[in-house]
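One structure is given below, encoded as structure tokens.
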Amino acid sequence: MGRMSFGPGRRSSRQPVKSVGPEKDPAEFIRNLKKTLPVKEGYRERSLAIHGLICARCGREFEPAQRSLLTVHHKDGNHLNNPPDGSNWENLCVYCHEDTHSRELLGEYLKD
Ligand SMILES: [Zn+2]
Ligand SMILES: [Zn+2]
């Protein structure tokens with residue numbers, strides 16, 4: 001008869017090692033990626049949240065349902081310059097935005 005040699009307390013009480021590393025289904029990962037807004041929509045929403053639903057030029061206010069009429073203008077013209085404090089953004093209604101850019105174009109024209 002062999003001795004059963006595991007007494008009380010002998011059992012290791014180590015915590016189970018947490019498995020590390022990406023064990024997620026890649027398809028799930030891609031689905032999550034698609035759920036996040038594209039960057040250009042991201043700064044738009046942020047700018048609207050910071051500056052409000054109002055055109056910075058004509059002062060027209062918009063209902064949330066009409067928010068698609070408000071666009072984000074980059075003051076320095078660089079669409080890649082998106083400081084999180086919104087300092088390079090201006091909310092312009094589509095009319096003023098178009099006007100702003102056509103003036104810029106005209107300005108470039110006259111300069112040359
Ligand atoms: Zn406007
Ligand atoms: Zn613009």
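Labeling convention for the structure tokens: chains A, B, ... as they appear, residues from 1 per chain, ligands from 1 in order of appearance.
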Neighbouring residues of ligand 2 are defined here as those with any atom at most 7 Å from a ligand atom, counting only C-alpha atoms and all ligand atoms; list them as a CSV table (one decimal) with N, CA, C and O atoms, in the first residue's frame.
chain,number,residue,atom,x,y,z
A,72,VAL,N,-17.0,71.3,-41.4
A,72,VAL,CA,-15.8,71.8,-40.7
A,72,VAL,C,-14.8,72.4,-41.6
A,72,VAL,O,-14.3,71.7,-42.5
A,73,HIS,N,-14.5,73.6,-41.4
A,73,HIS,CA,-13.5,74.3,-42.2
A,73,HIS,C,-12.2,74.3,-41.4
A,73,HIS,O,-12.2,74.6,-40.2
A,74,HIS,N,-11.1,74.0,-42.1
A,74,HIS,CA,-9.8,74.1,-41.5
A,74,HIS,C,-9.2,75.5,-41.7
A,74,HIS,O,-9.0,75.9,-42.8
A,77,GLY,N,-6.3,75.6,-43.7
A,77,GLY,CA,-6.4,74.9,-45.0
A,77,GLY,C,-5.7,73.5,-45.0
A,77,GLY,O,-5.8,72.8,-46.0
A,97,HIS,N,-19.1,77.9,-46.4
A,97,HIS,CA,-17.9,77.1,-46.6
A,97,HIS,C,-17.5,77.2,-48.1
A,97,HIS,O,-16.3,77.5,-48.4
A,101,HIS,N,-14.1,79.1,-49.6
A,101,HIS,CA,-13.1,78.5,-50.5
A,101,HIS,C,-13.1,79.2,-51.9
A,101,HIS,O,-12.0,79.3,-52.5
Nearby residues (only C-alpha atoms) at most 9 Å from Cys93 of chain A, same-chain spacing under 5 positions excluded, as a PDB file with N, CA and C atoms, in the first residue's frame:
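So the final result, stored in out.pdb, reads:
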ATOM      1  N   ILE A  54     -23.525  75.988 -34.996  1.00  0.00           N
ATOM      2  CA  ILE A  54     -23.742  77.349 -35.484  1.00  0.00           C
ATOM      3  C   ILE A  54     -22.656  77.700 -36.496  1.00  0.00           C
ATOM      4  N   CYS A  55     -23.058  78.375 -37.556  1.00  0.00           N
ATOM      5  CA  CYS A  55     -22.083  78.761 -38.577  1.00  0.00           C
ATOM      6  C   CYS A  55     -21.248  79.923 -38.057  1.00  0.00           C
ATOM      7  N   ALA A  56     -19.932  79.773 -38.161  1.00  0.00           N
ATOM      8  CA  ALA A  56     -19.036  80.795 -37.615  1.00  0.00           C
ATOM      9  C   ALA A  56     -19.060  82.066 -38.455  1.00  0.00           C
ATOM     10  N   ARG A  57     -19.598  82.008 -39.655  1.00  0.00           N
ATOM     11  CA  ARG A  57     -19.599  83.225 -40.487  1.00  0.00           C
ATOM     12  C   ARG A  57     -20.950  83.931 -40.491  1.00  0.00           C
ATOM     13  N   CYS A  58     -22.010  83.202 -40.832  1.00  0.00           N
ATOM     14  CA  CYS A  58     -23.298  83.888 -40.931  1.00  0.00           C
ATOM     15  C   CYS A  58     -24.092  83.777 -39.633  1.00  0.00           C
ATOM     16  N   ARG A  60     -25.847  81.453 -38.494  1.00  0.00           N
ATOM     17  CA  ARG A  60     -27.051  80.651 -38.566  1.00  0.00           C
ATOM     18  C   ARG A  60     -26.926  79.443 -37.636  1.00  0.00           C
ATOM     19  N   PHE A  62     -28.253  75.692 -36.277  1.00  0.00           N
ATOM     20  CA  PHE A  62     -28.813  74.488 -36.875  1.00  0.00           C
ATOM     21  C   PHE A  62     -29.345  73.534 -35.821  1.00  0.00           C
ATOM     22  N   SER A  68     -26.000  67.989 -40.938  1.00  0.00           N
ATOM     23  CA  SER A  68     -25.247  67.666 -42.150  1.00  0.00           C
ATOM     24  C   SER A  68     -24.985  68.919 -42.978  1.00  0.00           C
ATOM     25  N   LEU A  69     -25.724  70.011 -42.694  1.00  0.00           N
ATOM     26  CA  LEU A  69     -25.502  71.266 -43.412  1.00  0.00           C
ATOM     27  C   LEU A  69     -24.314  72.037 -42.857  1.00  0.00           C
ATOM     28  N   LEU A  70     -23.833  71.608 -41.710  1.00  0.00           N
ATOM     29  CA  LEU A  70     -22.663  72.261 -41.139  1.00  0.00           C
ATOM     30  C   LEU A  70     -21.425  71.443 -41.483  1.00  0.00           C
ATOM     31  N   THR A  71     -20.412  72.130 -41.940  1.00  0.00           N
ATOM     32  CA  THR A  71     -19.182  71.448 -42.305  1.00  0.00           C
ATOM     33  C   THR A  71     -18.040  72.053 -41.497  1.00  0.00           C
ATOM     34  N   VAL A  72     -16.969  71.306 -41.419  1.00  0.00           N
ATOM     35  CA  VAL A  72     -15.821  71.782 -40.654  1.00  0.00           C
ATOM     36  C   VAL A  72     -14.785  72.364 -41.617  1.00  0.00           C
ATOM     37  N   GLU A  98     -18.483  77.061 -48.928  1.00  0.00           N
ATOM     38  CA  GLU A  98     -18.195  77.148 -50.356  1.00  0.00           C
ATOM     39  C   GLU A  98     -17.699  78.549 -50.701  1.00  0.00           C
TER      40      GLU A  98
END
Distance in Å - atom CA of Arg67 of chain A versus atom CA of Trp89 of chain A: 15.6 Å
Among listed residues A:Asn81, A:Leu105, A:Lys24, A:Val94, nearest Gln66 of chain A (using only C-alpha atoms): A:Val94
Minimum-distance residue to ligand 1, chosen among A:Thr100, A:Asn78, A:Asn88, A:Ser47 (using only C-alpha atoms and all ligand atoms): A:Thr100
Point-to-point distance from atom CA of Cys96 of chain A to atom CA of Pro83 of chain A, Å rounded to tenths: 22.4 Å
Nearest-residue call for ligand 1, choices A:Asp76, A:Ala65, A:Leu53, A:Asp85, using only C-alpha atoms and all ligand atoms: A:Leu53
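Distances to Asn82 of chain A were evaluated for A:Glu63, A:Arg31, A:Pro26, A:Tyr43 using only C-alpha atoms, and the minimum falls at A:Tyr43.
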Two-atom distance - atom CA of Arg44 of chain A, atom CA of Gly59 of chain A (Å):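 Interatomic distance, atom CA of Arg44 of chain A to atom CA of Gly59 of chain A: 18.0 Å.
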Selected residue, from A:Leu80, A:Arg103, A:Arg46, A:Glu61, that lies nearest to ligand 1 when counting only C-alpha atoms and all ligand atoms: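 So, comparing all the options, the nearest one is A:Glu61.
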